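Text of upload_16.cif (mmCIF, C-alpha atoms) as supplied:
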data_input
#
loop_
_atom_site.label_atom_id
_atom_site.label_comp_id
_atom_site.auth_asym_id
_atom_site.auth_seq_id
_atom_site.Cartn_x
_atom_site.Cartn_y
_atom_site.Cartn_z
CA MET A 1 -35.26 -57.34 69.72
CA TYR A 2 -35.42 -55.76 73.15
CA GLY A 3 -31.75 -54.77 73.01
CA GLY A 4 -32.21 -52.86 69.77
CA GLY A 5 -35.22 -51.02 71.11
CA ALA A 6 -33.42 -50.15 74.36
CA ALA A 7 -30.45 -48.82 72.44
CA HIS A 8 -32.72 -46.71 70.25
CA LYS A 9 -34.40 -45.30 73.38
CA LEU A 10 -31.01 -44.62 74.96
CA TYR A 11 -29.92 -42.66 71.85
CA LYS A 12 -33.18 -40.79 71.72
CA ASP A 13 -33.16 -39.80 75.38
CA ASN A 14 -29.50 -38.90 75.60
CA SER A 15 -28.73 -37.50 72.15
CA SER A 16 -27.56 -34.32 73.82
CA TYR A 17 -24.79 -36.09 75.73
CA TYR A 18 -23.46 -38.94 73.58
CA HIS A 19 -21.87 -38.99 70.19
CA PRO A 20 -24.14 -40.66 67.63
CA LEU A 21 -21.42 -43.14 66.58
CA LEU A 22 -20.92 -44.29 70.19
CA ILE A 23 -24.63 -44.87 70.59
CA GLU A 24 -24.64 -46.87 67.36
CA CYS A 25 -21.81 -49.09 68.66
CA ILE A 26 -23.69 -49.73 71.91
CA SER A 27 -26.83 -50.54 69.96
CA LYS A 28 -25.04 -53.05 67.73
CA THR A 29 -23.34 -54.68 70.75
CA VAL A 30 -26.65 -55.16 72.54
CA LEU A 31 -28.20 -56.44 69.32
CA LEU A 32 -25.34 -58.92 68.86
CA LEU A 33 -25.80 -60.12 72.44
CA THR A 34 -29.53 -60.77 72.05
CA THR A 35 -29.49 -62.34 68.58
CA THR A 36 -26.44 -64.66 68.75
CA ARG A 37 -25.09 -67.33 71.05
CA ILE A 38 -22.07 -65.36 72.12
CA SER A 39 -21.30 -65.85 75.81
CA MET A 40 -21.92 -63.10 78.29
CA LYS A 41 -18.20 -63.02 79.08
CA ASN A 42 -17.17 -62.44 75.49
CA ALA A 43 -19.92 -59.91 75.01
CA THR A 44 -18.80 -58.01 78.08
CA LEU A 45 -15.20 -58.04 76.83
CA LEU A 46 -16.23 -56.79 73.40
CA PHE A 47 -18.28 -54.00 74.91
CA ALA A 48 -15.40 -52.96 77.16
CA VAL A 49 -13.05 -52.66 74.18
CA ILE A 50 -15.54 -50.55 72.24
CA LEU A 51 -16.31 -48.42 75.27
CA SER A 52 -12.62 -47.70 75.98
CA SER A 53 -12.02 -46.71 72.35
CA TRP A 54 -14.83 -44.18 72.38
CA SER A 55 -14.55 -43.00 75.98
CA VAL A 56 -12.94 -39.79 74.78
CA PHE A 57 -16.26 -38.84 73.17
CA ALA A 58 -18.63 -40.13 75.83
CA PHE A 59 -19.20 -36.96 77.83
CA GLN A 60 -18.50 -34.26 75.26
CA PRO A 61 -21.31 -31.75 74.68
CA HIS A 62 -23.47 -32.53 71.69
CA ASN A 63 -22.92 -29.10 70.14
CA SER A 64 -19.28 -29.94 69.47
CA TYR A 65 -20.26 -32.86 67.30
CA GLN A 66 -23.43 -31.71 65.71
CA HIS A 67 -23.79 -32.71 62.12
CA HIS A 68 -22.50 -30.09 59.64
CA PRO A 69 -23.39 -29.91 56.01
CA PRO A 70 -20.57 -30.23 53.44
CA ILE A 71 -18.07 -27.34 53.45
CA HIS A 72 -18.83 -26.32 49.88
CA GLN A 73 -22.40 -25.54 50.91
CA HIS A 74 -21.15 -22.93 53.39
CA HIS A 75 -19.07 -20.96 50.86
CA PRO A 76 -21.02 -17.87 49.82
CA SER A 77 -19.89 -18.13 46.21
CA SER A 78 -21.05 -21.75 46.06
CA GLN A 79 -24.46 -20.82 47.40
CA ARG A 80 -24.78 -18.03 44.85
CA ARG A 81 -23.71 -20.39 42.10
CA THR A 82 -26.31 -22.95 43.12
CA THR A 83 -28.96 -20.25 43.20
CA SER A 84 -27.99 -18.94 39.80
CA LEU A 85 -28.15 -22.40 38.29
CA TYR A 86 -31.62 -23.19 39.49
CA ALA A 87 -33.25 -19.78 39.69
CA LYS A 88 -34.03 -19.76 35.97
CA LYS A 89 -34.79 -22.40 33.45
CA PRO A 90 -32.62 -22.41 30.36
CA ALA A 91 -34.03 -20.03 27.78
CA LYS A 92 -35.65 -21.76 24.86
CA ARG A 93 -34.49 -20.92 21.38
CA SER A 94 -37.01 -18.90 19.52
CA LYS A 95 -38.29 -20.53 16.41
CA SER A 96 -37.84 -18.23 13.49
CA LYS A 97 -39.97 -18.47 10.41
CA SER A 98 -37.03 -17.29 8.34
CA SER A 99 -35.60 -19.84 5.94
CA GLY A 100 -32.04 -18.68 6.63
CA GLY A 101 -29.67 -16.83 4.37
CA PHE A 102 -27.53 -13.79 4.95
CA GLY A 103 -28.68 -11.92 8.03
CA SER A 104 -30.69 -14.82 9.40
CA THR A 105 -30.19 -16.19 12.91
CA SER A 106 -32.16 -19.38 12.35
CA LYS A 107 -30.71 -22.84 11.86
CA GLY A 108 -31.06 -22.37 8.15
CA GLY A 109 -27.61 -20.76 8.05
CA GLY A 110 -26.28 -17.32 7.36
CA PHE A 111 -24.80 -14.66 9.58
CA ALA A 112 -26.51 -12.58 12.20
CA ILE A 113 -26.35 -8.83 11.66
CA SER A 114 -26.36 -6.35 14.51
CA SER A 115 -28.78 -3.45 14.46
CA SER A 116 -25.92 -1.03 13.82
CA LYS A 117 -24.82 -2.96 10.77
CA LYS A 118 -28.37 -3.18 9.49
CA LYS A 119 -28.34 0.60 9.28
CA ASP A 120 -25.15 0.47 7.22
CA ILE A 121 -26.64 -2.08 4.86
CA SER A 122 -29.84 -0.12 4.40
CA SER A 123 -27.84 3.01 3.68
CA SER A 124 -25.84 1.16 1.02
CA SER A 125 -28.83 -0.49 -0.62
CA PRO A 126 -28.58 -1.34 -4.34
CA ALA A 127 -28.43 1.74 -6.54
CA ASP A 128 -31.29 2.59 -8.84
CA PRO A 129 -30.18 1.39 -12.31
CA THR A 130 -32.29 4.11 -13.92
CA LYS A 131 -30.16 6.74 -12.20
CA VAL A 132 -26.63 5.31 -12.05
CA ARG A 133 -24.51 2.96 -14.08
CA VAL A 134 -24.06 -0.01 -11.75
CA VAL A 135 -20.74 -1.87 -11.54
CA SER A 136 -20.23 -4.76 -9.10
CA GLY A 137 -16.50 -4.16 -8.65
CA PHE A 138 -15.29 -7.48 -10.08
CA THR A 139 -12.91 -7.54 -13.01
CA GLY A 140 -14.82 -7.51 -16.26
CA SER A 141 -18.15 -6.78 -14.60
CA GLY A 142 -18.26 -3.29 -16.11
CA THR A 143 -17.66 -4.36 -19.70
CA LYS A 144 -21.32 -4.34 -20.72
CA VAL A 145 -22.04 -1.22 -18.68
CA LEU A 146 -19.03 0.52 -20.20
CA ALA A 147 -20.19 -0.38 -23.70
CA SER A 148 -23.65 0.98 -22.94
CA ALA A 149 -22.18 4.23 -21.62
CA ALA A 150 -19.95 4.57 -24.70
CA ASN A 151 -22.92 4.00 -27.01
CA SER A 152 -24.90 6.67 -25.18
CA PHE A 153 -21.95 9.03 -25.51
CA ASP A 154 -21.74 8.54 -29.27
CA ARG A 155 -25.49 9.01 -29.66
CA ILE A 156 -25.67 12.21 -27.62
CA ARG A 157 -22.43 13.57 -29.06
CA LYS A 158 -23.92 13.46 -32.53
CA LEU A 159 -26.87 15.47 -31.29
CA PHE A 160 -25.22 18.14 -29.16
CA GLY A 161 -21.46 18.03 -29.81
CA LYS A 162 -18.74 19.71 -27.79
CA ASP A 163 -21.06 22.00 -25.80
CA ALA A 164 -22.63 19.02 -24.05
CA THR A 165 -19.27 17.40 -23.28
CA THR A 166 -17.15 17.51 -20.10
CA ASP A 167 -13.57 16.26 -19.72
CA VAL A 168 -12.91 14.15 -16.62
CA TYR A 169 -9.71 13.76 -14.56
CA VAL A 170 -8.89 11.56 -11.58
CA ARG A 171 -6.57 12.44 -8.74
CA SER A 172 -5.06 9.68 -6.58
CA PRO A 173 -3.92 11.45 -3.37
CA LEU A 174 -2.35 8.33 -1.86
CA ASN A 175 -0.13 7.98 -4.92
CA ASP A 176 0.58 11.58 -5.95
CA GLU A 177 -1.67 14.39 -4.84
CA SER A 178 -0.33 16.80 -7.46
CA THR A 179 -1.01 14.62 -10.52
CA PHE A 180 -4.38 14.63 -12.30
CA TRP A 181 -4.97 11.86 -14.85
CA PHE A 182 -7.23 12.35 -17.86
CA VAL A 183 -9.68 9.40 -17.88
CA GLY A 184 -12.22 10.31 -20.57
CA LYS A 185 -15.29 12.42 -21.27
CA VAL A 186 -18.92 12.52 -20.20
CA ILE A 187 -21.82 13.99 -22.12
CA ARG A 188 -25.43 14.90 -21.39
CA MET A 189 -28.65 15.76 -23.17
CA THR A 190 -29.01 19.55 -23.38
CA GLU A 191 -32.38 19.92 -25.08
CA GLU A 192 -35.69 19.06 -23.51
CA GLU A 193 -37.45 16.52 -25.67
CA GLU A 194 -39.76 13.84 -24.28
CA GLY A 195 -39.04 10.27 -25.23
CA ASP A 196 -40.43 6.83 -24.42
CA ASP A 197 -40.16 5.36 -20.94
CA ASN A 198 -37.91 2.36 -21.57
CA GLY A 199 -34.81 4.39 -22.48
CA ASP A 200 -33.53 1.83 -24.98
CA ASP A 201 -30.47 3.24 -26.74
CA ASN A 202 -31.34 1.42 -29.95
CA ASP A 203 -34.92 2.71 -30.13
CA ASP A 204 -36.00 4.95 -32.97
CA ASN A 205 -36.59 7.71 -30.42
CA SER A 206 -33.08 7.42 -28.97
CA ASN A 207 -32.51 11.11 -29.63
CA LYS A 208 -35.33 11.99 -27.23
CA LEU A 209 -35.01 12.80 -23.55
CA VAL A 210 -35.75 9.71 -21.41
CA GLY A 211 -36.04 11.42 -18.03
CA SER A 212 -38.24 14.32 -17.08
CA VAL A 213 -35.37 16.76 -16.39
CA LEU A 214 -32.31 17.79 -18.34
CA PRO A 215 -29.11 16.42 -16.72
CA SER A 216 -26.68 18.92 -15.24
CA GLU A 217 -22.94 18.63 -15.75
CA ILE A 218 -22.50 17.39 -12.17
CA GLU A 219 -25.26 14.77 -12.58
CA ALA A 220 -23.59 13.51 -15.74
CA VAL A 221 -20.46 12.76 -13.70
CA ILE A 222 -22.01 11.57 -10.42
CA SER A 223 -24.36 9.11 -12.12
CA GLN A 224 -21.34 7.45 -13.78
CA LYS A 225 -18.82 7.99 -10.97
CA ARG A 226 -18.53 4.33 -9.98
CA LEU A 227 -18.05 3.22 -13.57
CA ILE A 228 -15.40 5.87 -14.24
CA LEU A 229 -13.37 5.08 -11.11
CA GLU A 230 -13.57 1.29 -11.56
CA TYR A 231 -12.37 1.62 -15.13
CA ALA A 232 -9.58 4.04 -14.20
CA LYS A 233 -8.13 1.98 -11.35
CA ASN A 234 -8.60 -1.50 -12.84
CA GLN A 235 -7.90 -1.01 -16.53
CA LEU A 236 -6.51 2.39 -17.35
CA ARG A 237 -3.91 3.09 -14.67
CA PRO A 238 -3.84 0.46 -11.87
CA GLN A 239 -0.19 1.41 -11.12
CA ASN A 240 -1.34 4.75 -9.77
CA MET A 241 -4.96 4.23 -8.81
CA GLY A 242 -5.39 0.56 -7.95
CA GLY A 243 -4.49 -1.53 -4.91
CA PRO A 244 -3.24 0.56 -1.99
CA TYR A 245 -4.01 3.77 -3.91
CA SER A 246 -7.66 2.98 -4.65
CA LYS A 247 -9.06 4.79 -1.62
CA ASN A 248 -9.99 8.46 -1.72
CA LEU A 249 -9.88 8.75 -5.51
CA GLU A 250 -11.25 12.12 -6.66
CA LEU A 251 -13.03 13.26 -9.81
CA TRP A 252 -12.21 16.65 -11.35
CA VAL A 253 -13.58 18.19 -14.53
CA ALA A 254 -12.70 20.66 -17.26
CA PRO A 255 -14.64 22.03 -20.29
CA GLY A 256 -15.21 19.56 -23.11
CA ASP A 257 -12.34 18.97 -25.54
CA SER A 258 -10.02 21.24 -23.56
CA GLU A 259 -7.10 18.82 -23.22
CA MET A 260 -4.66 21.11 -25.02
CA ASP A 261 -5.61 24.14 -22.93
CA VAL A 262 -5.25 22.10 -19.76
CA VAL A 263 -1.78 20.97 -20.76
CA GLN A 264 -0.78 24.58 -21.44
CA ASN A 265 -1.91 25.53 -17.92
CA LYS A 266 -4.75 27.69 -19.20
CA VAL A 267 -7.52 25.84 -17.36
CA THR A 268 -8.26 25.31 -13.68
CA LEU A 269 -9.81 21.94 -12.85
CA VAL A 270 -12.99 21.79 -10.78
CA PRO A 271 -13.68 19.05 -8.18
CA ILE A 272 -16.89 17.04 -8.31
CA VAL A 273 -18.46 16.58 -4.90
CA GLY A 274 -21.62 14.57 -4.27
CA SER A 275 -23.21 11.14 -4.50
CA SER A 276 -26.13 9.41 -6.19
CA LYS A 277 -28.39 10.80 -3.46
CA ASP A 278 -27.95 14.21 -5.06
CA LEU A 279 -29.51 13.10 -8.35
CA ARG A 280 -32.89 14.69 -8.94
CA GLU A 281 -36.12 12.73 -9.06
CA GLY A 282 -36.65 13.00 -12.81
CA PHE A 283 -33.04 12.23 -13.78
CA ASN A 284 -32.36 9.20 -16.00
CA VAL A 285 -28.89 7.79 -16.67
CA ASN A 286 -29.77 7.07 -20.29
CA ASP A 287 -29.63 10.82 -20.87
CA VAL A 288 -25.86 10.84 -20.22
CA GLY A 289 -22.87 8.90 -21.54
CA TYR A 290 -19.19 8.21 -20.94
CA ASN A 291 -16.34 7.82 -23.42
CA PRO A 292 -13.32 6.22 -21.66
CA GLU A 293 -9.74 7.17 -22.36
CA ILE A 294 -7.83 4.31 -24.00
CA TYR A 295 -4.07 3.90 -23.84
CA VAL A 296 -2.18 2.61 -26.89
CA GLY A 297 1.44 1.70 -27.41
CA GLU A 298 3.83 3.07 -24.80
CA GLU A 299 0.99 4.79 -22.95
CA LYS A 300 0.03 1.42 -21.43
CA GLU A 301 3.32 1.37 -19.55
CA LYS A 302 4.29 5.01 -19.22
CA GLY A 303 0.82 6.43 -18.92
CA GLY A 304 -1.13 8.90 -20.99
CA LEU A 305 -2.24 12.47 -20.49
CA ARG A 306 -1.85 13.89 -16.99
CA VAL A 307 -1.23 17.36 -15.62
CA VAL A 308 0.09 18.91 -12.44
CA ARG A 309 -2.18 21.06 -10.30
CA ASP A 310 -2.37 22.29 -6.70
CA ASN A 311 -5.02 21.26 -4.21
CA GLU A 312 -7.40 23.80 -5.69
CA GLY A 313 -6.96 22.46 -9.22
CA ARG A 314 -4.95 25.50 -10.32
CA PRO A 315 -1.83 25.23 -12.51
CA VAL A 316 1.42 25.38 -10.54
CA LYS A 317 3.40 26.62 -13.54
CA PRO A 318 2.83 29.57 -15.89
CA VAL A 319 0.95 29.33 -19.17
CA PHE A 320 3.00 28.35 -22.18
CA GLU A 321 2.33 28.06 -25.88
CA ILE A 322 3.00 25.14 -28.15
CA SER A 323 4.71 26.22 -31.37
CA GLY A 324 4.20 24.65 -34.69
#
Produce structure tokens that represent the structure in this file.
Amino acid sequence: MYGGGAAHKLYKDNSSYYHPLLIECISKTVLLLTTTRISMKNATLLFAVILSSWSVFAFQPHNSYQHHPPIHQHHPSSQRRTTSLYAKKPAKRSKSKSSGGFGSTSKGGGFAISSSKKKDISSSSPADPTKVRVVSGFTGSGTKVLASAANSFDRIRKLFGKDATTDVYVRSPLNDESTFWFVGKVIRMTEEEEGDDNGDDNDDNSNKLVGSVLPSEIEAVISQKRLILEYAKNQLRPQNMGGPYSKNLELWVAPGDSEMDVVQNKVTLVPIVGSSKDLREGFNVNDVGYNPEIYVGEEKEKGGLRVVRDNEGRPVKPVFEISG
């Protein structure tokens, strides 16, 4: 074992002058000589061969052959990548107590909603059914609501007649901005009488005021705006108001039962501007009603009553009389 120890000492004392691999070869040669029966002649020959092969490295400075780490460790980007991988532990998923559903980010399912979209959803929260006639937008969904509105119209019409009635027209700018289609009539309570709180149309006190304020003409239209437009574009005149024309539909009004005067260009139509937010606190939708226009015969294909007006609702042609 002396040879191995001597070689180790030689490497240790002269590590500044000899290549580590050369020292290792010398060490193994000496070890082979001391632990086997190889002759001194053969050992000397073997050592000479090894020594000649590595002579080119024997007297080179150690600095030229100092051990270098792998190249990828020297690249700045690699060092930054390694740092970024181990600087932080992976973030743990927060455990939500939510059971999932729309708007949930838990494993329970659903879709995450950004803060900006949450504002949109809150602003379009479900309408108060005591203030507006709610329609979901699906075909047939407004049938019951439409029937309720028509029943309210008949009830209030018997009480207050023409003076409480307003004719309603729809303009479809994307189809024809000069044409105004007659789509029915709305009506409102015009006398202040207190009624019961449930507002049931079939109640014995159905002729009493349900809300705490008398509806205005504008409130009578705005509270039923969604119902009127859905009916007009889906059932009455989808050719002109539905599909690609359904955006930007406008509601215009004229005095009750004034269809003939409108046709004769005697009446200027008035636009209705506003939303359900403009309805007063004491308003109740059971104090208003809607009677839809219904097409029969050729009107289903060719259309019913419509008039031509400018952007201000004024007739574009002179007044004329109908003889007979």
* Asked: In Å, with one decimal, what is the gap from CA of Lys162 (chain A) to CA of Trp181 (chain A)?
  -> 20.5 Å
4 Å per side around region 177-185 of chain A: axis-aligned box centre and edge lengths, as AutoDock Vina command-line options:
--center_x -7.8 --center_y 13.1 --center_z -13.1 --size_x 23.0 --size_y 15.4 --size_z 24.4
* To do: Any chance you could resolve the PyMOL selection byres ((chain A and resi 241) around 10) against this file and give the residues as an NGL selection string?
  => :A and (170-176 or 181 or 229-230 or 232-240 or 242-249)
* Asked: If you measure from CA of Phe283 (chain A) to CA of Trp252 (chain A), what distance in Å do you get, rounded to one decimal?
  ->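 According to the coordinates, CA of Phe283 (chain A) and CA of Trp252 (chain A) are separated by 21.4 Å.
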* If you count all atoms listed in the file, which residues fall within 7 Å of region 312-318 of chain A, apart from same-chain ones fewer than 3 positions away, as a list in words? ->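 My reading of the contact set: Asn265, Thr268, Leu269, Val270, Val308 and Arg309 of chain A.
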Go ahead and dump the residues you just picked, C-alpha atoms, as a tab-separated table (two decimals), in the frame of the given file.
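Printed below is part.tsv as written:
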chain	number	residue	atom	x	y	z
A	265	ASN	CA	-1.91	25.53	-17.92
A	268	THR	CA	-8.26	25.31	-13.68
A	269	LEU	CA	-9.81	21.94	-12.85
A	270	VAL	CA	-12.99	21.79	-10.78
A	308	VAL	CA	0.09	18.91	-12.44
A	309	ARG	CA	-2.18	21.06	-10.30
Which polymer residues, protein or nucleic acid, are no farther than 8 Å from (-28.7, 14.9, -15.7), counting all atoms listed in the file, as an mmCIF file with C-alpha atoms, in the frame of the given file?
data_model
loop_
_atom_site.group_PDB
_atom_site.id
_atom_site.type_symbol
_atom_site.label_atom_id
_atom_site.label_comp_id
_atom_site.auth_asym_id
_atom_site.auth_seq_id
_atom_site.Cartn_x
_atom_site.Cartn_y
_atom_site.Cartn_z
ATOM 1 C CA ARG A 188 -25.430 14.900 -21.390
ATOM 2 C CA MET A 189 -28.650 15.760 -23.170
ATOM 3 C CA VAL A 213 -35.370 16.760 -16.390
ATOM 4 C CA LEU A 214 -32.310 17.790 -18.340
ATOM 5 C CA PRO A 215 -29.110 16.420 -16.720
ATOM 6 C CA SER A 216 -26.680 18.920 -15.240
ATOM 7 C CA GLU A 217 -22.940 18.630 -15.750
ATOM 8 C CA ILE A 218 -22.500 17.390 -12.170
ATOM 9 C CA GLU A 219 -25.260 14.770 -12.580
ATOM 10 C CA ALA A 220 -23.590 13.510 -15.740
ATOM 11 C CA LEU A 279 -29.510 13.100 -8.350
ATOM 12 C CA ARG A 280 -32.890 14.690 -8.940
ATOM 13 C CA PHE A 283 -33.040 12.230 -13.780
ATOM 14 C CA ASN A 284 -32.360 9.200 -16.000
ATOM 15 C CA VAL A 285 -28.890 7.790 -16.670
ATOM 16 C CA ASP A 287 -29.630 10.820 -20.870
ATOM 17 C CA VAL A 288 -25.860 10.840 -20.220
#
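CA of Ala254 (chain A) to CA of Tyr169 (chain A) spans 8.0 Å [interatomic distance, one decimal].
In terms of minimum interatomic distance to Leu146 (chain A), A:Arg133 ranks closest within A:Lys302, A:Arg133, A:Lys266, A:Lys225, counting all atoms listed in the file.
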* To do: Please evaluate the PyMOL selection byres ((chain A and resi 128) around 12) against the structure above and give the resulting residues as a PyMOL selection string.
  => chain A and resi 124-127+129-135+223+276-277+279+281+283-285
Selection from above, C-alpha atoms, as an mmCIF file, keeping the file's coordinate frame, can you write it?
data_model
loop_
_atom_site.group_PDB
_atom_site.id
_atom_site.type_symbol
_atom_site.label_atom_id
_atom_site.label_comp_id
_atom_site.auth_asym_id
_atom_site.auth_seq_id
_atom_site.Cartn_x
_atom_site.Cartn_y
_atom_site.Cartn_z
ATOM 1 C CA SER A 124 -25.840 1.160 1.020
ATOM 2 C CA SER A 125 -28.830 -0.490 -0.620
ATOM 3 C CA PRO A 126 -28.580 -1.340 -4.340
ATOM 4 C CA ALA A 127 -28.430 1.740 -6.540
ATOM 5 C CA PRO A 129 -30.180 1.390 -12.310
ATOM 6 C CA THR A 130 -32.290 4.110 -13.920
ATOM 7 C CA LYS A 131 -30.160 6.740 -12.200
ATOM 8 C CA VAL A 132 -26.630 5.310 -12.050
ATOM 9 C CA ARG A 133 -24.510 2.960 -14.080
ATOM 10 C CA VAL A 134 -24.060 -0.010 -11.750
ATOM 11 C CA VAL A 135 -20.740 -1.870 -11.540
ATOM 12 C CA SER A 223 -24.360 9.110 -12.120
ATOM 13 C CA SER A 276 -26.130 9.410 -6.190
ATOM 14 C CA LYS A 277 -28.390 10.800 -3.460
ATOM 15 C CA LEU A 279 -29.510 13.100 -8.350
ATOM 16 C CA GLU A 281 -36.120 12.730 -9.060
ATOM 17 C CA PHE A 283 -33.040 12.230 -13.780
ATOM 18 C CA ASN A 284 -32.360 9.200 -16.000
ATOM 19 C CA VAL A 285 -28.890 7.790 -16.670
#
* To do: Find the spatial neighbours of Ile187 (chain A), counting only C-alpha atoms, within a cut-off of 10 Å - ignore same-chain residues fewer than 5 positions away - and output them as a PyMOL selection string.
  => chain A and resi 149-150+152-157+160-167+215-217+220-221+256+287-291
